[in-house]
$ cat input_27.cif   # mmCIF, C-alpha atoms and all ligand atoms
data_entry
loop_
_atom_site.label_atom_id
_atom_site.label_comp_id
_atom_site.auth_asym_id
_atom_site.auth_seq_id
_atom_site.Cartn_x
_atom_site.Cartn_y
_atom_site.Cartn_z
CA MET N 21 81.22 72.36 104.52
CA ILE N 22 83.09 75.53 105.49
CA TYR N 23 81.05 78.02 107.55
CA PHE N 24 81.66 81.75 107.37
CA ALA N 25 80.36 84.42 109.74
CA LEU N 26 80.12 87.59 107.70
CA ALA N 27 79.48 91.10 108.96
CA LYS N 28 76.33 92.71 107.61
CA GLY N 29 76.52 96.38 106.61
CA ARG N 30 79.45 98.32 105.22
CA LEU N 31 81.75 95.27 104.82
CA ALA N 32 79.22 92.88 103.30
CA GLU N 33 79.65 93.67 99.62
CA GLU N 34 83.44 93.90 99.67
CA SER N 35 83.69 90.64 101.64
CA ALA N 36 81.54 88.80 99.10
CA LYS N 37 83.60 90.19 96.20
CA LEU N 38 86.83 89.10 97.84
CA LEU N 39 85.56 85.57 98.46
CA GLU N 40 84.29 85.40 94.89
CA ARG N 41 87.84 86.17 93.69
CA CYS N 42 89.01 83.14 95.70
CA GLY N 43 86.58 80.83 93.91
CA VAL N 44 83.89 80.87 96.60
CA ASP N 45 80.41 80.89 95.07
CA THR N 46 78.76 83.83 96.87
CA ALA N 47 75.76 84.32 94.53
CA VAL N 48 73.41 83.37 97.39
CA LEU N 49 74.58 86.44 99.33
CA ARG N 50 73.01 88.65 96.70
CA SER N 51 69.59 87.01 97.01
CA GLU N 52 66.74 88.93 98.61
CA THR N 53 65.97 86.68 101.53
CA ARG N 54 65.35 86.91 105.25
CA ARG N 55 67.00 83.53 105.79
CA LEU N 56 70.08 83.86 107.98
CA VAL N 57 71.80 80.61 107.05
CA LEU N 58 72.75 80.65 103.41
CA GLU N 59 74.44 77.91 101.43
CA SER N 60 76.40 78.17 98.21
CA ALA N 61 74.82 76.38 95.25
CA ASP N 62 77.72 73.88 95.15
CA GLY N 63 77.09 72.95 98.80
CA LYS N 64 80.67 73.76 99.81
CA PHE N 65 80.08 76.88 101.88
CA GLY N 66 77.63 78.06 104.51
CA PHE N 67 77.27 81.74 105.40
CA PHE N 68 75.87 83.34 108.55
CA LEU N 69 75.06 87.01 108.09
CA VAL N 70 75.32 88.70 111.47
CA LYS N 71 75.95 92.07 113.09
CA PRO N 72 79.68 92.91 113.02
CA SER N 73 80.04 92.60 116.79
CA ASP N 74 78.61 89.06 116.64
CA VAL N 75 81.15 87.75 114.09
CA PRO N 76 83.90 87.11 116.69
CA ILE N 77 81.37 85.39 118.96
CA TYR N 78 80.35 82.87 116.28
CA VAL N 79 83.97 82.22 115.32
CA GLU N 80 85.25 81.88 118.88
CA ALA N 81 82.49 79.34 119.59
CA GLY N 82 83.39 77.36 116.46
CA VAL N 83 79.88 77.66 115.04
CA ALA N 84 81.59 79.41 112.12
CA ASP N 85 85.04 78.24 111.02
CA LEU N 86 85.98 81.62 109.59
CA GLY N 87 84.84 85.19 109.83
CA ILE N 88 85.39 88.51 108.12
CA VAL N 89 85.17 91.49 110.43
CA GLY N 90 86.74 94.91 111.03
CA LYS N 91 89.74 95.37 113.30
CA ASP N 92 87.62 97.94 115.16
CA THR N 93 85.25 95.14 116.20
CA LEU N 94 88.12 92.81 117.11
CA LEU N 95 89.66 95.46 119.35
CA GLU N 96 86.32 95.91 121.05
CA GLU N 97 85.38 92.24 121.44
CA ASN N 98 88.85 90.86 122.31
CA ARG N 99 87.89 87.23 121.62
CA ASP N 100 89.98 84.06 121.65
CA LEU N 101 90.54 83.36 117.94
CA TYR N 102 93.24 83.59 115.30
CA GLU N 103 93.48 86.83 113.36
CA MET N 104 94.99 85.33 110.21
CA LEU N 105 95.02 87.96 107.51
CA ASP N 106 94.67 91.65 106.89
CA LEU N 107 92.18 91.63 104.00
CA ARG N 108 92.86 95.28 103.14
CA ILE N 109 89.21 96.09 102.61
CA GLY N 110 86.89 98.37 104.58
CA ARG N 111 89.68 100.81 105.34
CA CYS N 112 88.79 103.40 107.96
CA SER N 113 90.17 104.96 111.12
CA MET N 114 89.02 105.26 114.72
CA CYS N 115 88.84 108.85 115.81
CA ILE N 116 87.77 111.22 118.49
CA ALA N 117 85.52 113.78 116.81
CA GLY N 118 83.50 116.79 117.83
CA PHE N 119 82.74 120.37 116.94
CA PRO N 120 85.68 122.36 115.52
CA ALA N 121 85.10 125.15 118.02
CA ARG N 122 85.62 122.66 120.80
CA LYS N 123 89.15 121.54 120.00
CA ASP N 124 89.90 122.40 123.61
CA ALA N 125 87.19 119.87 124.53
CA LEU N 126 89.79 117.12 124.78
CA THR N 127 91.40 118.77 127.78
CA ARG N 128 88.25 119.51 129.74
CA PRO N 129 87.74 117.57 132.97
CA CYS N 130 85.49 114.51 132.72
CA LEU N 131 84.83 114.65 129.00
CA ARG N 132 81.60 112.92 127.93
CA VAL N 133 82.46 110.50 125.12
CA ALA N 134 79.68 108.83 123.13
CA THR N 135 80.63 105.56 121.46
CA LYS N 136 79.61 102.07 120.45
CA TYR N 137 83.19 100.98 121.20
CA VAL N 138 82.82 101.11 124.97
CA ASN N 139 85.61 98.69 125.93
CA THR N 140 88.12 100.24 123.51
CA ALA N 141 87.27 103.76 124.68
CA LYS N 142 87.57 102.78 128.34
CA ARG N 143 91.00 101.21 127.70
CA LEU N 144 92.14 104.20 125.65
CA PHE N 145 91.32 106.84 128.25
CA PHE N 146 92.39 104.63 131.18
CA ASP N 147 95.82 104.12 129.57
CA ARG N 148 96.10 107.89 129.20
CA GLY N 149 95.12 108.40 132.81
CA GLU N 150 92.19 110.56 131.73
CA GLU N 151 88.91 110.39 133.55
CA VAL N 152 85.99 110.43 131.12
CA GLU N 153 82.32 109.59 131.15
CA ILE N 154 81.52 107.01 128.48
CA VAL N 155 78.05 107.35 126.93
CA PRO N 156 77.29 103.93 125.38
CA LEU N 157 75.23 104.03 122.19
CA HIS N 158 74.40 101.51 119.46
CA GLY N 159 74.42 103.67 116.34
CA SER N 160 74.07 107.18 114.87
CA ILE N 161 76.86 108.20 117.26
CA GLU N 162 77.25 111.63 115.62
CA LEU N 163 73.87 112.61 117.02
CA ALA N 164 75.28 112.69 120.57
CA PRO N 165 77.38 115.89 120.36
CA VAL N 166 74.83 117.51 118.05
CA THR N 167 72.12 117.12 120.68
CA GLY N 168 74.37 117.81 123.68
CA LEU N 169 74.28 114.21 124.92
CA SER N 170 78.11 114.14 124.80
CA ASP N 171 81.05 116.49 124.25
CA VAL N 172 82.78 114.30 121.67
CA ILE N 173 82.47 110.89 120.03
CA PHE N 174 84.88 107.99 119.63
CA ASP N 175 83.93 106.24 116.41
CA VAL N 176 85.03 104.94 113.04
CA VAL N 177 85.44 107.43 110.20
CA GLN N 178 85.49 106.11 106.66
CA THR N 179 84.56 108.76 104.10
CA GLY N 180 84.05 111.46 106.73
CA SER N 181 80.70 112.34 105.19
CA THR N 182 78.65 111.61 108.34
CA LEU N 183 80.89 113.92 110.38
CA LYS N 184 80.72 116.63 107.74
CA ALA N 185 76.96 116.42 107.33
CA ASN N 186 76.61 117.01 111.06
CA GLY N 187 79.14 119.84 111.38
CA LEU N 188 81.71 117.69 113.17
CA VAL N 189 85.45 117.22 112.55
CA VAL N 190 88.14 114.76 113.53
CA LEU N 191 89.86 116.06 116.67
CA GLU N 192 92.28 113.16 116.97
CA GLU N 193 92.97 110.11 114.84
CA VAL N 194 93.57 107.38 117.41
CA PHE N 195 93.87 104.23 115.25
CA PRO N 196 94.57 105.32 111.66
CA GLU N 197 94.77 101.88 110.00
CA ILE N 198 91.58 99.94 110.57
CA THR N 199 90.81 97.24 107.97
CA ALA N 200 88.84 94.01 107.74
CA ARG N 201 90.52 90.84 109.00
CA LEU N 202 90.07 87.14 108.37
CA VAL N 203 89.51 85.43 111.71
CA VAL N 204 89.63 81.68 112.27
CA ASN N 205 88.43 79.39 115.05
CA LYS N 206 91.45 77.87 116.81
CA VAL N 207 90.14 74.30 116.94
CA CYS N 208 88.63 74.31 113.44
CA LEU N 209 91.99 75.37 112.01
CA LYS N 210 93.36 72.03 113.21
CA THR N 211 90.37 69.74 112.67
CA LYS N 212 89.43 71.14 109.25
CA SER N 213 92.89 72.15 108.10
CA GLU N 214 92.59 70.27 104.81
CA GLN N 215 89.63 72.42 103.82
CA LEU N 216 90.63 75.67 105.49
CA LEU N 217 94.32 76.02 104.65
CA PRO N 218 93.93 76.05 100.85
CA LEU N 219 91.22 78.71 101.14
CA ILE N 220 93.28 80.83 103.53
CA GLY N 221 96.24 80.46 101.13
CA LYS N 222 94.11 81.61 98.23
CA LEU N 223 92.86 84.61 100.20
CA ARG N 224 96.45 85.52 101.11
CA GLU N 225 97.39 85.35 97.42
CA VAL N 226 94.43 87.48 96.34
CA VAL N 227 94.96 90.26 98.91
CA GLY N 228 98.66 90.34 98.04
C1 LIG U 1 79.50 104.16 110.95
C2 LIG U 1 80.08 105.07 111.99
C3 LIG U 1 79.75 106.43 111.48
C4 LIG U 1 79.81 106.25 109.97
C5 LIG U 1 81.12 106.73 109.43
O1 LIG U 1 78.17 103.95 111.20
O2 LIG U 1 79.54 104.80 113.27
O3 LIG U 1 78.45 106.81 111.86
O4 LIG U 1 79.69 104.85 109.72
O5 LIG U 1 81.20 106.56 108.03
P1 LIG U 1 81.58 107.75 107.04
O6 LIG U 1 82.85 108.36 107.55
O7 LIG U 1 81.75 107.08 105.70
O8 LIG U 1 80.43 108.73 107.04
P2 LIG U 1 77.32 102.90 110.39
O9 LIG U 1 77.00 103.42 109.04
O10 LIG U 1 78.04 101.59 110.41
O11 LIG U 1 75.96 102.80 111.16
P3 LIG U 1 75.47 103.09 112.64
O12 LIG U 1 75.30 104.56 112.76
O13 LIG U 1 74.20 102.36 112.74
O14 LIG U 1 76.51 102.56 113.59
#
$ encode --input "input_27.cif" --output "structure tokens" --more "lines below"
Ligand code: PRP
Amino acid sequence: MIYFALAKGRLAEESAKLLERCGVDTAVLRSETRRLVLESADGKFGFFLVKPSDVPIYVEAGVADLGIVGKDTLLEENRDLYEMLDLRIGRCSMCIAGFPARKDALTRPCLRVATKYVNTAKRLFFDRGEEVEIVPLHGSIELAPVTGLSDVIFDVVQTGSTLKANGLVVLEEVFPEITARLVVNKVCLKTKSEQLLPLIGKLREVVG
């Protein structure tokens, strides 16, 4: 059996559709269940539905052979695995955002930056030689500047509707090309190559 770790949330539907196009029976992913280990009806595939940040952990450990997860998460987690394919789904960017009136915010000393991408933000500002205070959060990041918890945010922007609904704008697009990637466990790629390589080939063909 081939085991997939799949990110719950914004990537879930597109990931399932993509796998379906490669001949993977993903009907079980549409079932209303609280079970976390799901198997395809033909018994060929197992799926673990996990939080995006946990996908690289399952794949690095070899519990899952393959994973589908955003490049934003890979940058943040920095795990030991193969990033095999750009799947060209879940396109978004990673931006610094805040209130339009505070475009000068970026130059203020010790900017307070709210983010769920703590490692990436630390690296970014360290590389720039800028001292900032990182405010680590787990979600609803846009709330931080709105409530005064931070000056700006460092977060993913997809449609831009969350920013807009909260009166915020992109101040700087830091990583403009974030997409979902196929990640593979390094050992499994060797030990299960007969099963994995044809599937990876099919995915490569489908994404073009
Ligand atoms: C992400 C991100 C933004 C939003 C951006 O959050 O952190 O809040 O999506 O998307 P948009 O540009 O299409 O509005 P997500 O929905 O994953 O949930 P979270 O707030 O729980 O992190």
$ atom_distance --input "input_27.cif" --atom1 "CA of Lys71 (chain N)" --atom2 "atom O9 of ligand LIG 1 (chain U)"
12.1 Å
$ residues_near_ligand --input "input_27.cif" --ligand "ligand LIG 1 (chain U)" --cutoff "6 Å" --atoms "all atoms listed in the file" --output "list in words"
Gly159, Ser160, Ile161, Asp175, Val176, Val177, Gln178, Thr179, Gly180, Ser181 and Thr182 of chain N
$ closest_residue --input "input_27.cif" --among "N:Ser51, N:Ser170, N:Asn205, N:Ser213" --to "Ala84 (chain N)" --atoms "all atoms listed in the file"
N:Asn205
$ closest_residue --input "input_27.cif" --among "N:Leu38, N:Met21, N:Leu31, N:Leu169" --to "Glu59 (chain N)" --atoms "only C-alpha atoms"
N:Met21
$ residues_around --input "input_27.cif" --residues "Lys64 (chain N)" --least-positions-apart "3" --cutoff "12 Å" --atoms "only C-alpha atoms" --output "mmCIF file with C-alpha atoms, keeping the file's coordinate frame"
data_model
loop_
_atom_site.group_PDB
_atom_site.id
_atom_site.type_symbol
_atom_site.label_atom_id
_atom_site.label_comp_id
_atom_site.auth_asym_id
_atom_site.auth_seq_id
_atom_site.Cartn_x
_atom_site.Cartn_y
_atom_site.Cartn_z
ATOM 1 C CA MET N 21 81.220 72.360 104.520
ATOM 2 C CA ILE N 22 83.090 75.530 105.490
ATOM 3 C CA TYR N 23 81.050 78.020 107.550
ATOM 4 C CA PHE N 24 81.660 81.750 107.370
ATOM 5 C CA GLY N 43 86.580 80.830 93.910
ATOM 6 C CA VAL N 44 83.890 80.870 96.600
ATOM 7 C CA ASP N 45 80.410 80.890 95.070
ATOM 8 C CA THR N 46 78.760 83.830 96.870
ATOM 9 C CA LEU N 58 72.750 80.650 103.410
ATOM 10 C CA GLU N 59 74.440 77.910 101.430
ATOM 11 C CA SER N 60 76.400 78.170 98.210
ATOM 12 C CA ALA N 61 74.820 76.380 95.250
ATOM 13 C CA PHE N 67 77.270 81.740 105.400
ATOM 14 C CA GLN N 215 89.630 72.420 103.820
ATOM 15 C CA LEU N 216 90.630 75.670 105.490
ATOM 16 C CA LEU N 219 91.220 78.710 101.140
#
$ closest_residue --input "input_27.cif" --among "N:Arg41, N:Arg224, N:Arg54, N:Lys206" --to "Leu101 (chain N)" --atoms "only C-alpha atoms"
N:Lys206
$ closest_residue --input "input_27.cif" --among "N:Asn186, N:Thr135, N:Thr53, N:Ser73" --to "Ile116 (chain N)" --atoms "all atoms listed in the file"
N:Thr135
$ atom_distance --input "input_27.cif" --atom1 "CA of Phe146 (chain N)" --atom2 "CA of Leu95 (chain N)"
15.2 Å
$ atom_distance --input "input_27.cif" --atom1 "CA of Val190 (chain N)" --atom2 "CA of Arg128 (chain N)"
16.9 Å
$ residues_near_point --input "input_27.cif" --point "(87.8, 85.4, 119.6)" --cutoff "7 Å" --atoms "all atoms listed in the file" --output "short mmCIF file (atom, residue, chain, number, x, y, z; two decimals) with C-alpha atoms, in the coordinates of the input"
data_model
loop_
_atom_site.label_atom_id
_atom_site.label_comp_id
_atom_site.auth_asym_id
_atom_site.auth_seq_id
_atom_site.Cartn_x
_atom_site.Cartn_y
_atom_site.Cartn_z
CA PRO N 76 83.90 87.11 116.69
CA ILE N 77 81.37 85.39 118.96
CA VAL N 79 83.97 82.22 115.32
CA GLU N 80 85.25 81.88 118.88
CA ASN N 98 88.85 90.86 122.31
CA ARG N 99 87.89 87.23 121.62
CA ASP N 100 89.98 84.06 121.65
CA LEU N 101 90.54 83.36 117.94
#
